[in-house]
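Asker: Provided herewith is a single structure, encoded as structure tokens, for subsequent inquiry.
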Amino acid sequence: MDAPLVLGIAGSPRRNGNSEQLLDACLAGAADGGARVQKLVVTDYAIEPCRGCNSCSLTGECVIHDRMHEVYAAIDSAQAIVVASPVFFATVPGVLKVLIDRMQPYWARTHVLKQPRPVRRPGALLLVRSGGDPYGFVAAEYTIKSVFAVLGIDLVGEMKVTGLDSASDVIRQPDDLVHARELGVQVATAALLTLGD
Ligand SMILES: Cc1cc2nc3c(=O)[nH]c(=O)nc-3n(C[C@H](O)[C@H](O)[C@H](O)COP(=O)(O)O)c2cc1C
């Protein structure tokens, strides 16, 4: 039996910033826990926005042919998914929201085409923000939880870290990096149990 694959999705347009460093720690923990890991950096992909054409409600597939097919393949082959994102204007950055909207075929398959629901998989959520606006994590959190619901992801844990702004701020918060690593171990453990089902 292959080790389970934990897919980490880095949702920030800034490379190696706070959320990506937390994700790296989490994926390192997942590897410690016996998983294979893959990191998908959303900003490396030129993904077109959903057109809202609802073709996926007829076919279960997206009509746009771009690198999103690589994202679909990564999501379909993962036994667990971790999403890391900063808060931008209360919700997730545009690059991540574009990717999330392109998940609509998964929703259409289950809710319109009545295909079987996806197999349940564990996951985790890592959110960071500076604290520079009054709206907290709520909108970003529910945006990601909404797509987790569509993908059949059961949250093993979540981290929300405030007070991070410059790209290296998280380095000064080693406890958060340790916590992210521990969460990764938990995700791997849950993914291993899923494989055993
Ligand atoms: C366009 C933009 C919008 C932002 N909006 C918010 C916000 O609404 N609330 C907040 O607390 N921080 C906000 N921030 C701060 C980021 O969440 C913070 O810098 C975070 O640490 C960036 O994470 P990263 O290093 O992973 O990119 C914003 C930053 C940018 C660039």
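Chain identifiers are assigned as A, B, and so on, following the order in which chains appear in the structure tokens; residues are numbered from 1 within each chain, and ligands are numbered from 1 in order of appearance.
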Please identify the residues whose atoms come within 12 Å of ligand 1, using only C-alpha atoms and all ligand atoms, and report them as an NGL selection string.

Answerer: :A and (9-24 or 41-43 or 83-96 or 126-140 or 160-171)

Asker: Could you give me, as CSV, a per-residue list for range 92-176 of chain A showing, wherever an atom lies at most 12 Å from an atom of range 74-78 of chain A, the closest pair of atoms and their distance in Å to one decimal, using only C-alpha atoms and sorting by chain then residue number from low to high?

Answerer:
```
residue,atom,partner,partner_atom,distance
A:Leu99,CA,A:Ile75,CA,11.7
A:Ile100,CA,A:Ile75,CA,11.8
A:Met103,CA,A:Ile75,CA,10.0
A:Tyr106,CA,A:Asp76,CA,10.4
A:Pro118,CA,A:Asp76,CA,9.6
A:Val119,CA,A:Asp76,CA,10.2
A:Arg120,CA,A:Ala78,CA,11.2
A:Arg121,CA,A:Ala78,CA,8.6
A:Pro122,CA,A:Ala78,CA,10.0
A:Gly123,CA,A:Ala78,CA,10.2
A:Val147,CA,A:Ile75,CA,11.9
A:Phe148,CA,A:Ile75,CA,11.3
A:Leu151,CA,A:Ile75,CA,8.7
A:Gly152,CA,A:Ile75,CA,11.3
A:Ile153,CA,A:Ala78,CA,10.9
```

Asker: Suppose we keep N, CA and C atoms; can you now write the selection as a CSV table (one decimal), in the first residue's frame?

Answerer:
```
chain,number,residue,atom,x,y,z
A,99,LEU,N,-9.3,29.8,-8.1
A,99,LEU,CA,-9.1,28.3,-8.1
A,99,LEU,C,-10.4,27.7,-7.4
A,100,ILE,N,-10.8,28.3,-6.3
A,100,ILE,CA,-12.0,27.7,-5.6
A,100,ILE,C,-13.2,27.7,-6.5
A,103,MET,N,-13.8,24.9,-8.8
A,103,MET,CA,-14.2,23.6,-8.2
A,103,MET,C,-15.7,23.3,-8.4
A,106,TYR,N,-17.1,19.8,-9.2
A,106,TYR,CA,-17.3,18.9,-8.1
A,106,TYR,C,-18.7,19.0,-7.5
A,118,PRO,N,-18.2,12.5,-3.0
A,118,PRO,CA,-16.7,12.1,-2.9
A,118,PRO,C,-16.4,11.4,-1.6
A,119,VAL,N,-15.5,10.5,-1.7
A,119,VAL,CA,-15.0,9.8,-0.5
A,119,VAL,C,-14.5,10.8,0.5
A,120,ARG,N,-14.8,10.6,1.7
A,120,ARG,CA,-14.4,11.6,2.7
A,120,ARG,C,-12.9,11.5,3.0
A,121,ARG,N,-12.3,12.7,3.1
A,121,ARG,CA,-10.8,12.8,3.3
A,121,ARG,C,-10.5,13.8,4.4
A,122,PRO,N,-9.4,13.6,5.2
A,122,PRO,CA,-9.1,14.6,6.2
A,122,PRO,C,-8.4,15.9,5.5
A,123,GLY,N,-8.4,16.9,6.3
A,123,GLY,CA,-7.8,18.1,5.8
A,123,GLY,C,-7.5,19.1,6.9
A,147,VAL,N,-15.6,25.1,0.1
A,147,VAL,CA,-15.1,24.2,-0.9
A,147,VAL,C,-14.7,22.9,-0.2
A,148,PHE,N,-14.3,22.9,1.0
A,148,PHE,CA,-14.0,21.6,1.7
A,148,PHE,C,-15.3,20.7,1.8
A,151,LEU,N,-15.7,19.1,-1.5
A,151,LEU,CA,-14.7,18.0,-1.8
A,151,LEU,C,-14.7,16.9,-0.7
A,152,GLY,N,-15.6,17.0,0.2
A,152,GLY,CA,-15.7,15.9,1.2
A,152,GLY,C,-14.6,15.9,2.2
A,153,ILE,N,-14.1,17.1,2.6
A,153,ILE,CA,-12.9,17.2,3.5
A,153,ILE,C,-13.4,17.3,4.9
```

Asker: Calculate how many Å separate CA of Leu5 in chain A from CA of His65 in chain A, rounding to one decimal.

Answerer: 25.3 Å

Asker: Determine which residues of range 85-183 of chain A receive a DSSP assignment of strand (DSSP E), computed from the backbone, and state them as a PyMOL selection string.

Answerer: chain A and resi 85-86+121-129+153-162

Asker: Apply DSSP to the backbone of this structure and, from range 103-197 of chain A, keep only the residues in alpha helix (DSSP H); write these as a ChimeraX atom specification.

Answerer: /A:104-111,138-151,174-196

Asker: Can you tell me, as a list in words, what residues are no more than 10 Å from Leu27 in chain A when counting only C-alpha atoms, ignoring any on the same chain fewer than 4 positions away?

Answerer: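 Residues near the query, excluding close chain neighbours: Val6, Leu7, Gly8, Gln21, Leu22, Leu23, Ala31, Asp32, Gly33, Ala35, Arg36, Val37, Gln38, Lys39, Val82, Ala180, Arg181, Glu182, Leu183, Gly184, Val185, Val187 and Ala188 of chain A.
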
Asker: Would you put the residues from that selection into a file with N, CA and C atoms, as a compact mmCIF listing (two decimals), in the first residue's frame?

Answerer:
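And here is the file that came out, again-v8.txt:
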```txt
# COMPACT_ATOMS: atom_id res chain seq x y z
N VAL A 6 -0.63 13.76 0.90
CA VAL A 6 -1.19 14.98 1.47
C VAL A 6 -0.86 16.13 0.52
N LEU A 7 -1.90 16.74 -0.02
CA LEU A 7 -1.73 17.87 -0.94
C LEU A 7 -1.84 19.17 -0.16
N GLY A 8 -0.82 20.01 -0.28
CA GLY A 8 -0.86 21.34 0.34
C GLY A 8 -1.07 22.39 -0.72
N GLN A 21 4.98 29.41 4.64
CA GLN A 21 5.92 28.82 5.61
C GLN A 21 5.19 27.93 6.62
N LEU A 22 4.00 28.34 7.01
CA LEU A 22 3.20 27.46 7.88
C LEU A 22 2.83 26.17 7.13
N LEU A 23 2.51 26.33 5.84
CA LEU A 23 2.18 25.14 5.04
C LEU A 23 3.38 24.22 4.94
N ALA A 31 4.96 14.56 6.33
CA ALA A 31 5.99 13.60 5.88
C ALA A 31 6.53 12.82 7.07
N ASP A 32 6.74 13.52 8.19
CA ASP A 32 7.15 12.83 9.43
C ASP A 32 6.14 11.75 9.81
N GLY A 33 4.88 12.07 9.57
CA GLY A 33 3.80 11.17 9.94
C GLY A 33 3.59 10.03 8.97
N ALA A 35 3.32 10.32 5.43
CA ALA A 35 2.62 10.63 4.18
C ALA A 35 3.61 11.04 3.09
N ARG A 36 3.18 10.90 1.85
CA ARG A 36 3.84 11.59 0.74
C ARG A 36 3.21 12.98 0.69
N VAL A 37 3.99 13.97 0.28
CA VAL A 37 3.44 15.33 0.25
C VAL A 37 3.66 15.95 -1.12
N GLN A 38 2.72 16.82 -1.48
CA GLN A 38 2.83 17.60 -2.71
C GLN A 38 2.37 19.01 -2.39
N LYS A 39 3.14 20.00 -2.83
CA LYS A 39 2.72 21.40 -2.63
C LYS A 39 2.34 22.02 -3.96
N VAL A 82 -4.55 20.20 2.58
CA VAL A 82 -4.33 21.32 3.50
C VAL A 82 -4.32 22.59 2.66
N ALA A 180 1.99 24.01 13.49
CA ALA A 180 1.66 23.62 12.11
C ALA A 180 2.25 22.25 11.79
N ARG A 181 3.45 22.03 12.28
CA ARG A 181 4.10 20.73 12.03
C ARG A 181 3.32 19.60 12.71
N GLU A 182 2.89 19.86 13.94
CA GLU A 182 2.09 18.85 14.68
C GLU A 182 0.77 18.58 13.96
N LEU A 183 0.19 19.63 13.43
CA LEU A 183 -1.07 19.46 12.69
C LEU A 183 -0.84 18.57 11.46
N GLY A 184 0.32 18.77 10.83
CA GLY A 184 0.66 17.93 9.67
C GLY A 184 0.76 16.45 10.03
N VAL A 185 1.33 16.18 11.19
CA VAL A 185 1.41 14.78 11.65
C VAL A 185 -0.01 14.23 11.82
N VAL A 187 -2.72 15.20 10.34
CA VAL A 187 -3.37 15.01 9.03
C VAL A 187 -2.88 13.70 8.40
N ALA A 188 -1.57 13.45 8.48
CA ALA A 188 -1.03 12.21 7.92
C ALA A 188 -1.61 10.99 8.61
```

Asker: Which of these residues is nearest to Lys114 in chain A, using only C-alpha atoms: A:Ile81, A:Tyr45, A:Leu58, A:Ile64?

Answerer: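 Counting only C-alpha atoms, the residue closest to Lys114 in chain A is A:Leu58.
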